[in-house]
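**Student:** See protein-v3.pdb below, with PDB, C-alpha atoms.
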ATOM      1  CA  ARG A   1      45.594 -88.060  12.520  1.00  0.00           C
ATOM      2  CA  GLY A   2      47.186 -86.425   9.538  1.00  0.00           C
ATOM      3  CA  VAL A   3      45.306 -85.606   6.445  1.00  0.00           C
ATOM      4  CA  ALA A   4      47.107 -86.774   3.387  1.00  0.00           C
ATOM      5  CA  LEU A   5      47.184 -84.178   0.694  1.00  0.00           C
ATOM      6  CA  ARG A   6      46.916 -85.523  -2.769  1.00  0.00           C
ATOM      7  CA  ALA A   7      48.271 -83.559  -5.653  1.00  0.00           C
ATOM      8  CA  ALA A   8      45.592 -82.725  -8.133  1.00  0.00           C
ATOM      9  CA  THR A   9      46.203 -84.587 -11.324  1.00  0.00           C
ATOM     10  CA  VAL A  10      44.930 -83.529 -14.669  1.00  0.00           C
ATOM     11  CA  PRO A  11      43.901 -86.285 -17.043  1.00  0.00           C
ATOM     12  CA  ALA A  12      46.268 -86.747 -19.973  1.00  0.00           C
ATOM     13  CA  ASP A  13      43.531 -86.170 -22.557  1.00  0.00           C
ATOM     14  CA  VAL A  14      42.764 -82.741 -21.089  1.00  0.00           C
ATOM     15  CA  VAL A  15      46.450 -81.764 -21.219  1.00  0.00           C
ATOM     16  CA  ALA A  16      46.737 -82.994 -24.809  1.00  0.00           C
ATOM     17  CA  LYS A  17      43.638 -81.033 -25.856  1.00  0.00           C
ATOM     18  CA  ASP A  18      44.905 -77.837 -24.184  1.00  0.00           C
ATOM     19  CA  ASN A  19      48.294 -78.283 -25.879  1.00  0.00           C
ATOM     20  CA  ALA A  20      46.605 -78.823 -29.256  1.00  0.00           C
ATOM     21  CA  ASN A  21      44.432 -75.718 -28.795  1.00  0.00           C
ATOM     22  CA  PHE A  22      47.502 -73.653 -27.909  1.00  0.00           C
ATOM     23  CA  ARG A  23      49.457 -74.939 -30.909  1.00  0.00           C
ATOM     24  CA  GLY A  24      46.446 -74.303 -33.136  1.00  0.00           C
ATOM     25  CA  ALA A  25      46.108 -70.745 -31.828  1.00  0.00           C
ATOM     26  CA  VAL A  26      49.823 -70.149 -32.501  1.00  0.00           C
ATOM     27  CA  SER A  27      49.323 -71.502 -36.036  1.00  0.00           C
ATOM     28  CA  VAL A  28      46.406 -69.137 -36.669  1.00  0.00           C
ATOM     29  CA  PHE A  29      48.324 -66.190 -35.182  1.00  0.00           C
ATOM     30  CA  GLY A  30      51.254 -67.010 -37.481  1.00  0.00           C
ATOM     31  CA  GLY A  31      48.814 -67.034 -40.400  1.00  0.00           C
ATOM     32  CA  VAL A  32      47.531 -63.593 -39.411  1.00  0.00           C
ATOM     33  CA  LEU A  33      51.111 -62.270 -39.290  1.00  0.00           C
ATOM     34  CA  ALA A  34      51.955 -63.845 -42.662  1.00  0.00           C
ATOM     35  CA  HIS A  35      48.875 -62.260 -44.215  1.00  0.00           C
ATOM     36  CA  LEU A  36      49.740 -58.931 -42.620  1.00  0.00           C
ATOM     37  CA  ILE A  37      52.940 -59.009 -44.710  1.00  0.00           C
ATOM     38  CA  LEU A  38      51.182 -60.300 -47.839  1.00  0.00           C
ATOM     39  CA  GLY A  39      48.514 -57.590 -47.651  1.00  0.00           C
ATOM     40  CA  ALA A  40      51.152 -54.914 -48.134  1.00  0.00           C
ATOM     41  CA  MET A  41      50.916 -55.512 -51.897  1.00  0.00           C
ATOM     42  CA  TYR A  42      47.761 -53.396 -51.952  1.00  0.00           C
ATOM     43  CA  CYS A  43      49.795 -50.338 -50.942  1.00  0.00           C
ATOM     44  CA  TRP A  44      50.871 -49.691 -54.529  1.00  0.00           C
ATOM     45  CA  GLY A  45      48.103 -47.153 -55.136  1.00  0.00           C
ATOM     46  CA  ASN A  46      49.487 -45.099 -52.271  1.00  0.00           C
ATOM     47  CA  PHE A  47      53.119 -45.700 -53.244  1.00  0.00           C
ATOM     48  CA  LEU A  48      52.390 -44.487 -56.773  1.00  0.00           C
ATOM     49  CA  SER A  49      51.807 -40.946 -55.544  1.00  0.00           C
ATOM     50  CA  TYR A  50      55.351 -40.887 -54.104  1.00  0.00           C
ATOM     51  CA  ALA A  51      57.121 -42.838 -56.882  1.00  0.00           C
ATOM     52  CA  PRO A  52      60.085 -41.205 -58.601  1.00  0.00           C
ATOM     53  CA  ALA A  53      59.401 -39.906 -62.110  1.00  0.00           C
ATOM     54  CA  SER A  54      61.569 -42.638 -63.676  1.00  0.00           C
ATOM     55  CA  LEU A  55      59.162 -45.299 -62.362  1.00  0.00           C
ATOM     56  CA  LEU A  56      56.011 -43.775 -63.823  1.00  0.00           C
ATOM     57  CA  PHE A  57      56.468 -44.663 -67.506  1.00  0.00           C
ATOM     58  CA  PHE A  58      58.212 -47.540 -69.257  1.00  0.00           C
ATOM     59  CA  ASP A  59      60.491 -45.159 -71.125  1.00  0.00           C
ATOM     60  CA  GLY A  60      61.505 -43.430 -67.876  1.00  0.00           C
ATOM     61  CA  LEU A  61      60.569 -39.991 -69.194  1.00  0.00           C
ATOM     62  CA  ALA A  62      57.960 -37.588 -67.892  1.00  0.00           C
ATOM     63  CA  HIS A  63      54.702 -37.353 -69.830  1.00  0.00           C
ATOM     64  CA  PRO A  64      52.653 -34.575 -68.207  1.00  0.00           C
ATOM     65  CA  GLY A  65      48.911 -35.083 -68.398  1.00  0.00           C
ATOM     66  CA  MET A  66      49.138 -38.774 -69.334  1.00  0.00           C
ATOM     67  CA  THR A  67      48.059 -41.662 -67.132  1.00  0.00           C
ATOM     68  CA  PRO A  68      51.247 -43.323 -65.900  1.00  0.00           C
ATOM     69  CA  ASP A  69      52.126 -46.818 -67.098  1.00  0.00           C
ATOM     70  CA  ALA A  70      52.795 -47.626 -63.454  1.00  0.00           C
ATOM     71  CA  ILE A  71      49.069 -48.136 -62.864  1.00  0.00           C
ATOM     72  CA  GLN A  72      49.670 -51.582 -64.389  1.00  0.00           C
ATOM     73  CA  VAL A  73      51.799 -52.676 -61.423  1.00  0.00           C
ATOM     74  CA  LEU A  74      48.947 -53.875 -59.187  1.00  0.00           C
ATOM     75  CA  PRO A  75      46.909 -55.641 -61.914  1.00  0.00           C
ATOM     76  CA  MET A  76      50.055 -57.504 -62.974  1.00  0.00           C
ATOM     77  CA  ALA A  77      50.709 -58.397 -59.334  1.00  0.00           C
ATOM     78  CA  LEU A  78      47.191 -59.834 -59.083  1.00  0.00           C
ATOM     79  CA  VAL A  79      47.820 -61.944 -62.190  1.00  0.00           C
ATOM     80  CA  ALA A  80      51.035 -63.195 -60.570  1.00  0.00           C
ATOM     81  CA  VAL A  81      49.128 -64.002 -57.352  1.00  0.00           C
ATOM     82  CA  ASN A  82      46.841 -66.243 -59.382  1.00  0.00           C
ATOM     83  CA  LEU A  83      49.856 -67.881 -61.025  1.00  0.00           C
ATOM     84  CA  GLY A  84      51.387 -68.524 -57.595  1.00  0.00           C
ATOM     85  CA  MET A  85      48.315 -70.142 -56.050  1.00  0.00           C
ATOM     86  CA  PRO A  86      48.605 -73.511 -57.840  1.00  0.00           C
ATOM     87  CA  ILE A  87      52.341 -73.525 -57.112  1.00  0.00           C
ATOM     88  CA  GLY A  88      51.533 -73.018 -53.428  1.00  0.00           C
ATOM     89  CA  ALA A  89      48.956 -75.824 -53.511  1.00  0.00           C
ATOM     90  CA  CYS A  90      51.512 -78.266 -54.969  1.00  0.00           C
ATOM     91  CA  MET A  91      54.172 -77.147 -52.497  1.00  0.00           C
ATOM     92  CA  ASN A  92      51.721 -77.462 -49.623  1.00  0.00           C
ATOM     93  CA  LYS A  93      51.079 -81.108 -50.523  1.00  0.00           C
ATOM     94  CA  LYS A  94      54.788 -81.846 -50.777  1.00  0.00           C
ATOM     95  CA  PHE A  95      56.303 -79.710 -47.984  1.00  0.00           C
ATOM     96  CA  GLY A  96      53.380 -78.733 -45.751  1.00  0.00           C
ATOM     97  CA  PRO A  97      51.938 -75.320 -44.903  1.00  0.00           C
ATOM     98  CA  ARG A  98      54.793 -74.074 -42.723  1.00  0.00           C
ATOM     99  CA  ILE A  99      57.523 -74.361 -45.374  1.00  0.00           C
ATOM    100  CA  THR A 100      55.193 -73.188 -48.153  1.00  0.00           C
ATOM    101  CA  THR A 101      54.120 -70.111 -46.198  1.00  0.00           C
ATOM    102  CA  LEU A 102      57.689 -69.247 -45.250  1.00  0.00           C
ATOM    103  CA  LEU A 103      58.958 -69.622 -48.820  1.00  0.00           C
ATOM    104  CA  GLY A 104      56.052 -67.642 -50.283  1.00  0.00           C
ATOM    105  CA  CYS A 105      56.433 -64.811 -47.771  1.00  0.00           C
ATOM    106  CA  ALA A 106      60.199 -64.774 -48.295  1.00  0.00           C
ATOM    107  CA  LEU A 107      59.691 -64.536 -52.068  1.00  0.00           C
ATOM    108  CA  MET A 108      57.186 -61.705 -51.588  1.00  0.00           C
ATOM    109  CA  VAL A 109      59.521 -59.767 -49.283  1.00  0.00           C
ATOM    110  CA  LEU A 110      62.524 -60.402 -51.545  1.00  0.00           C
ATOM    111  CA  GLY A 111      60.610 -59.191 -54.607  1.00  0.00           C
ATOM    112  CA  THR A 112      59.540 -56.049 -52.774  1.00  0.00           C
ATOM    113  CA  PHE A 113      63.068 -55.449 -51.481  1.00  0.00           C
ATOM    114  CA  LEU A 114      64.731 -55.940 -54.878  1.00  0.00           C
ATOM    115  CA  GLY A 115      62.055 -53.820 -56.532  1.00  0.00           C
ATOM    116  CA  SER A 116      62.869 -50.964 -54.185  1.00  0.00           C
ATOM    117  CA  TYR A 117      66.310 -50.635 -55.830  1.00  0.00           C
ATOM    118  CA  GLN A 118      64.999 -50.355 -59.385  1.00  0.00           C
ATOM    119  CA  THR A 119      65.006 -47.057 -61.259  1.00  0.00           C
ATOM    120  CA  ARG A 120      63.015 -48.188 -64.318  1.00  0.00           C
ATOM    121  CA  LEU A 121      59.449 -49.465 -64.454  1.00  0.00           C
ATOM    122  CA  LEU A 122      59.949 -52.783 -66.273  1.00  0.00           C
ATOM    123  CA  PRO A 123      62.562 -54.253 -63.890  1.00  0.00           C
ATOM    124  CA  PHE A 124      60.532 -52.893 -60.989  1.00  0.00           C
ATOM    125  CA  MET A 125      57.460 -54.748 -62.242  1.00  0.00           C
ATOM    126  CA  LEU A 126      59.442 -57.963 -62.655  1.00  0.00           C
ATOM    127  CA  TYR A 127      60.329 -57.839 -58.968  1.00  0.00           C
ATOM    128  CA  TYR A 128      57.344 -56.126 -57.349  1.00  0.00           C
ATOM    129  CA  SER A 129      54.566 -57.477 -59.560  1.00  0.00           C
ATOM    130  CA  LEU A 130      55.846 -60.849 -60.715  1.00  0.00           C
ATOM    131  CA  MET A 131      58.176 -62.097 -57.984  1.00  0.00           C
ATOM    132  CA  ALA A 132      56.292 -60.637 -55.022  1.00  0.00           C
ATOM    133  CA  GLY A 133      52.960 -61.565 -56.602  1.00  0.00           C
ATOM    134  CA  VAL A 134      53.909 -65.221 -57.083  1.00  0.00           C
ATOM    135  CA  GLY A 135      55.170 -65.314 -53.480  1.00  0.00           C
ATOM    136  CA  THR A 136      51.869 -63.886 -52.266  1.00  0.00           C
ATOM    137  CA  GLY A 137      49.928 -66.465 -54.257  1.00  0.00           C
ATOM    138  CA  MET A 138      52.087 -69.319 -52.988  1.00  0.00           C
ATOM    139  CA  SER A 139      51.423 -68.502 -49.370  1.00  0.00           C
ATOM    140  CA  TYR A 140      47.890 -67.112 -49.587  1.00  0.00           C
ATOM    141  CA  SER A 141      45.875 -70.235 -48.744  1.00  0.00           C
ATOM    142  CA  THR A 142      48.381 -72.259 -46.735  1.00  0.00           C
ATOM    143  CA  PRO A 143      47.861 -70.479 -43.377  1.00  0.00           C
ATOM    144  CA  MET A 144      44.130 -71.143 -43.671  1.00  0.00           C
ATOM    145  CA  ILE A 145      44.724 -74.817 -44.458  1.00  0.00           C
ATOM    146  CA  ALA A 146      46.964 -75.093 -41.399  1.00  0.00           C
ATOM    147  CA  GLY A 147      44.349 -73.387 -39.224  1.00  0.00           C
ATOM    148  CA  TRP A 148      41.611 -75.696 -40.502  1.00  0.00           C
ATOM    149  CA  SER A 149      43.651 -78.728 -39.508  1.00  0.00           C
ATOM    150  CA  TRP A 150      43.671 -77.495 -35.898  1.00  0.00           C
ATOM    151  CA  PHE A 151      40.092 -76.207 -35.812  1.00  0.00           C
ATOM    152  CA  PRO A 152      38.093 -78.217 -38.393  1.00  0.00           C
ATOM    153  CA  LYS A 153      34.727 -77.117 -36.948  1.00  0.00           C
ATOM    154  CA  SER A 154      35.582 -73.402 -37.179  1.00  0.00           C
ATOM    155  CA  LYS A 155      36.739 -72.931 -40.769  1.00  0.00           C
ATOM    156  CA  GLY A 156      34.806 -69.691 -41.252  1.00  0.00           C
ATOM    157  CA  LEU A 157      36.260 -68.143 -38.100  1.00  0.00           C
ATOM    158  CA  ILE A 158      39.778 -69.233 -39.051  1.00  0.00           C
ATOM    159  CA  ASN A 159      39.387 -67.747 -42.554  1.00  0.00           C
ATOM    160  CA  GLY A 160      38.075 -64.497 -41.105  1.00  0.00           C
ATOM    161  CA  LEU A 161      40.890 -64.143 -38.588  1.00  0.00           C
ATOM    162  CA  ILE A 162      43.640 -64.861 -41.088  1.00  0.00           C
ATOM    163  CA  LEU A 163      42.153 -62.681 -43.826  1.00  0.00           C
ATOM    164  CA  PHE A 164      41.812 -59.904 -41.260  1.00  0.00           C
ATOM    165  CA  GLY A 165      45.615 -59.861 -41.391  1.00  0.00           C
ATOM    166  CA  PHE A 166      45.589 -59.471 -45.187  1.00  0.00           C
ATOM    167  CA  GLY A 167      43.320 -56.424 -45.079  1.00  0.00           C
ATOM    168  CA  SER A 168      45.184 -54.972 -42.122  1.00  0.00           C
ATOM    169  CA  GLY A 169      48.487 -55.215 -44.003  1.00  0.00           C
ATOM    170  CA  ALA A 170      47.420 -52.561 -46.477  1.00  0.00           C
ATOM    171  CA  PHE A 171      46.148 -50.313 -43.682  1.00  0.00           C
ATOM    172  CA  VAL A 172      49.278 -50.645 -41.547  1.00  0.00           C
ATOM    173  CA  PHE A 173      51.860 -50.390 -44.311  1.00  0.00           C
ATOM    174  CA  ASN A 174      50.055 -47.530 -46.079  1.00  0.00           C
ATOM    175  CA  ASN A 175      50.355 -45.482 -42.915  1.00  0.00           C
ATOM    176  CA  VAL A 176      53.996 -46.456 -42.376  1.00  0.00           C
ATOM    177  CA  ALA A 177      54.970 -45.750 -45.999  1.00  0.00           C
ATOM    178  CA  THR A 178      53.110 -42.442 -46.089  1.00  0.00           C
ATOM    179  CA  GLY A 179      54.907 -41.320 -42.935  1.00  0.00           C
ATOM    180  CA  LEU A 180      58.274 -42.312 -44.368  1.00  0.00           C
ATOM    181  CA  ALA A 181      57.610 -40.769 -47.787  1.00  0.00           C
ATOM    182  CA  GLN A 182      56.398 -37.477 -46.376  1.00  0.00           C
ATOM    183  CA  SER A 183      59.391 -37.275 -44.056  1.00  0.00           C
ATOM    184  CA  GLY A 184      61.751 -37.577 -47.036  1.00  0.00           C
ATOM    185  CA  VAL A 185      63.301 -40.811 -45.768  1.00  0.00           C
ATOM    186  CA  LEU A 186      62.233 -42.920 -48.743  1.00  0.00           C
ATOM    187  CA  PHE A 187      63.507 -40.881 -51.662  1.00  0.00           C
ATOM    188  CA  GLY A 188      65.997 -38.528 -50.072  1.00  0.00           C
ATOM    189  CA  THR A 189      63.671 -35.573 -50.430  1.00  0.00           C
ATOM    190  CA  HIS A 190      61.455 -33.731 -48.019  1.00  0.00           C
ATOM    191  CA  GLY A 191      57.965 -34.718 -49.090  1.00  0.00           C
ATOM    192  CA  GLY A 192      57.162 -35.602 -52.668  1.00  0.00           C
ATOM    193  CA  ARG A 193      58.977 -37.125 -55.580  1.00  0.00           C
ATOM    194  CA  GLY A 194      62.734 -37.255 -55.631  1.00  0.00           C
TER
END
Show me the file's structure as structure tokens.

**Tutor:**
Amino acid sequence: RGVALRAATVPADVVAKDNANFRGAVSVFGGVLAHLILGAMYCWGNFLSYAPASLLFFDGLAHPGMTPDAIQVLPMALVAVNLGMPIGACMNKKFGPRITTLLGCALMVLGTFLGSYQTRLLPFMLYYSLMAGVGTGMSYSTPMIAGWSWFPKSKGLINGLILFGFGSGAFVFNNVATGLAQSGVLFGTHGGRG
């Protein structure tokens, strides 16, 4: 007598649940990565110590002993973040969290990139504070909304994981930027302002 071997079958509902959990985990991981990028905006305090003299004051001149005008960069970026949040909410309803997050992150990165080519404070603030700030605001809440749709019973955990990325962005990019600035790569000098 032969023993018939039956292939183990997994019920379809178990496969669907495992697939949904995997897709949800990928969504949350993507949110953490997006927030890692967005959190880089908090590096300005560190960047300020390496900024060229022409970016410290609106007139582009040195004013020894005075507080630089450039300390207004981060507060203006935070205002722009708050302006971008309702835009992101409207876009999320129309296009969904994936497109909204991608567009917001792209706007943030583009603003930072274009700001890096500026030699005067006002145009720098238009890119780094306004453009990058609005992009950050647009994509701030959308990764959390996407994560909640996959894990509706774990909203607190999802928020914590994704916002971990935001805080980590400042930590990671501060260390990277400090290493680059002190090596002279950023401003064509060897440590310090160029």

**Student:** So that I can see what lies close to A:Met76, please list as a list in words the residues with an atom at most 8 Å from it, counting all atoms listed in the file and leaving out residues fewer than 6 positions away in the same chain.

**Tutor:** Met125, Ser129 and Leu130 of chain A

**Student:** Taking into account all atoms listed in the file, which residue in the set A:Pro52, A:Gly60, A:Gly65, A:Gly147 is nearest to A:Arg23?

**Tutor:**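 Between A:Pro52, A:Gly60, A:Gly65, A:Gly147, the residue approaching A:Arg23 most closely is A:Gly147.
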
**Student:** Residues picked by the PyMOL selection byres ((chain A and resi 104-113) around 9) here, as an mmCIF file with C-alpha atoms, in the frame of the given file?

**Tutor:**
data_model
loop_
_atom_site.group_PDB
_atom_site.id
_atom_site.type_symbol
_atom_site.label_atom_id
_atom_site.label_comp_id
_atom_site.auth_asym_id
_atom_site.auth_seq_id
_atom_site.Cartn_x
_atom_site.Cartn_y
_atom_site.Cartn_z
ATOM 1 C CA ALA A 34 51.955 -63.845 -42.662
ATOM 2 C CA HIS A 35 48.875 -62.260 -44.215
ATOM 3 C CA ILE A 37 52.940 -59.009 -44.710
ATOM 4 C CA LEU A 38 51.182 -60.300 -47.839
ATOM 5 C CA MET A 41 50.916 -55.512 -51.897
ATOM 6 C CA GLY A 84 51.387 -68.524 -57.595
ATOM 7 C CA GLY A 88 51.533 -73.018 -53.428
ATOM 8 C CA ILE A 99 57.523 -74.361 -45.374
ATOM 9 C CA THR A 100 55.193 -73.188 -48.153
ATOM 10 C CA THR A 101 54.120 -70.111 -46.198
ATOM 11 C CA LEU A 102 57.689 -69.247 -45.250
ATOM 12 C CA LEU A 103 58.958 -69.622 -48.820
ATOM 13 C CA LEU A 114 64.731 -55.940 -54.878
ATOM 14 C CA GLY A 115 62.055 -53.820 -56.532
ATOM 15 C CA SER A 116 62.869 -50.964 -54.185
ATOM 16 C CA TYR A 117 66.310 -50.635 -55.830
ATOM 17 C CA PHE A 124 60.532 -52.893 -60.989
ATOM 18 C CA LEU A 126 59.442 -57.963 -62.655
ATOM 19 C CA TYR A 127 60.329 -57.839 -58.968
ATOM 20 C CA TYR A 128 57.344 -56.126 -57.349
ATOM 21 C CA SER A 129 54.566 -57.477 -59.560
ATOM 22 C CA LEU A 130 55.846 -60.849 -60.715
ATOM 23 C CA MET A 131 58.176 -62.097 -57.984
ATOM 24 C CA ALA A 132 56.292 -60.637 -55.022
ATOM 25 C CA GLY A 133 52.960 -61.565 -56.602
ATOM 26 C CA VAL A 134 53.909 -65.221 -57.083
ATOM 27 C CA GLY A 135 55.170 -65.314 -53.480
ATOM 28 C CA THR A 136 51.869 -63.886 -52.266
ATOM 29 C CA GLY A 137 49.928 -66.465 -54.257
ATOM 30 C CA MET A 138 52.087 -69.319 -52.988
ATOM 31 C CA SER A 139 51.423 -68.502 -49.370
ATOM 32 C CA TYR A 140 47.890 -67.112 -49.587
#

**Student:** Output the residue selection produced by the PyMOL selection byres ((chain A and resi 168) around 12) on the file above, formatted as a list in words.

**Tutor:**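 Output of the PyMOL selection byres ((chain A and resi 168) around 12): Val32, Leu33, Ala34, His35, Leu36, Ile37, Leu38, Gly39, Ala40, Met41, Tyr42, Cys43, Gly160, Leu161, Ile162, Leu163, Phe164, Gly165, Phe166, Gly167, Gly169, Ala170, Phe171, Val172, Phe173, Asn174 and Asn175 of chain A.
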
**Student:** Just to confirm, what's the straight-line distance from atom CA of A:Thr142 to atom CA of A:Val73 in Å (one decimal)?

**Tutor:**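 Interatomic distance here is 24.7 Å.
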
**Student:** Tell me, in Å to one decimal, how far atom CA of A:Leu122 is from atom CA of A:Tyr50.

**Tutor:**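 Between these atoms lies a distance of 17.6 Å.
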
**Student:** Go through A:Ala146, A:Ile71, A:Leu78, A:Ala20 and flag the residue nearest A:Asn92, using only C-alpha atoms for the distances.

**Tutor:**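 Using only C-alpha atoms, the shortest distance to A:Asn92 belongs to A:Ala146.
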
**Student:** Would you compute the distance between atom CA of A:Phe57 and atom CA of A:Arg120? Give it in Å to one decimal.

**Tutor:** 8.1 Å
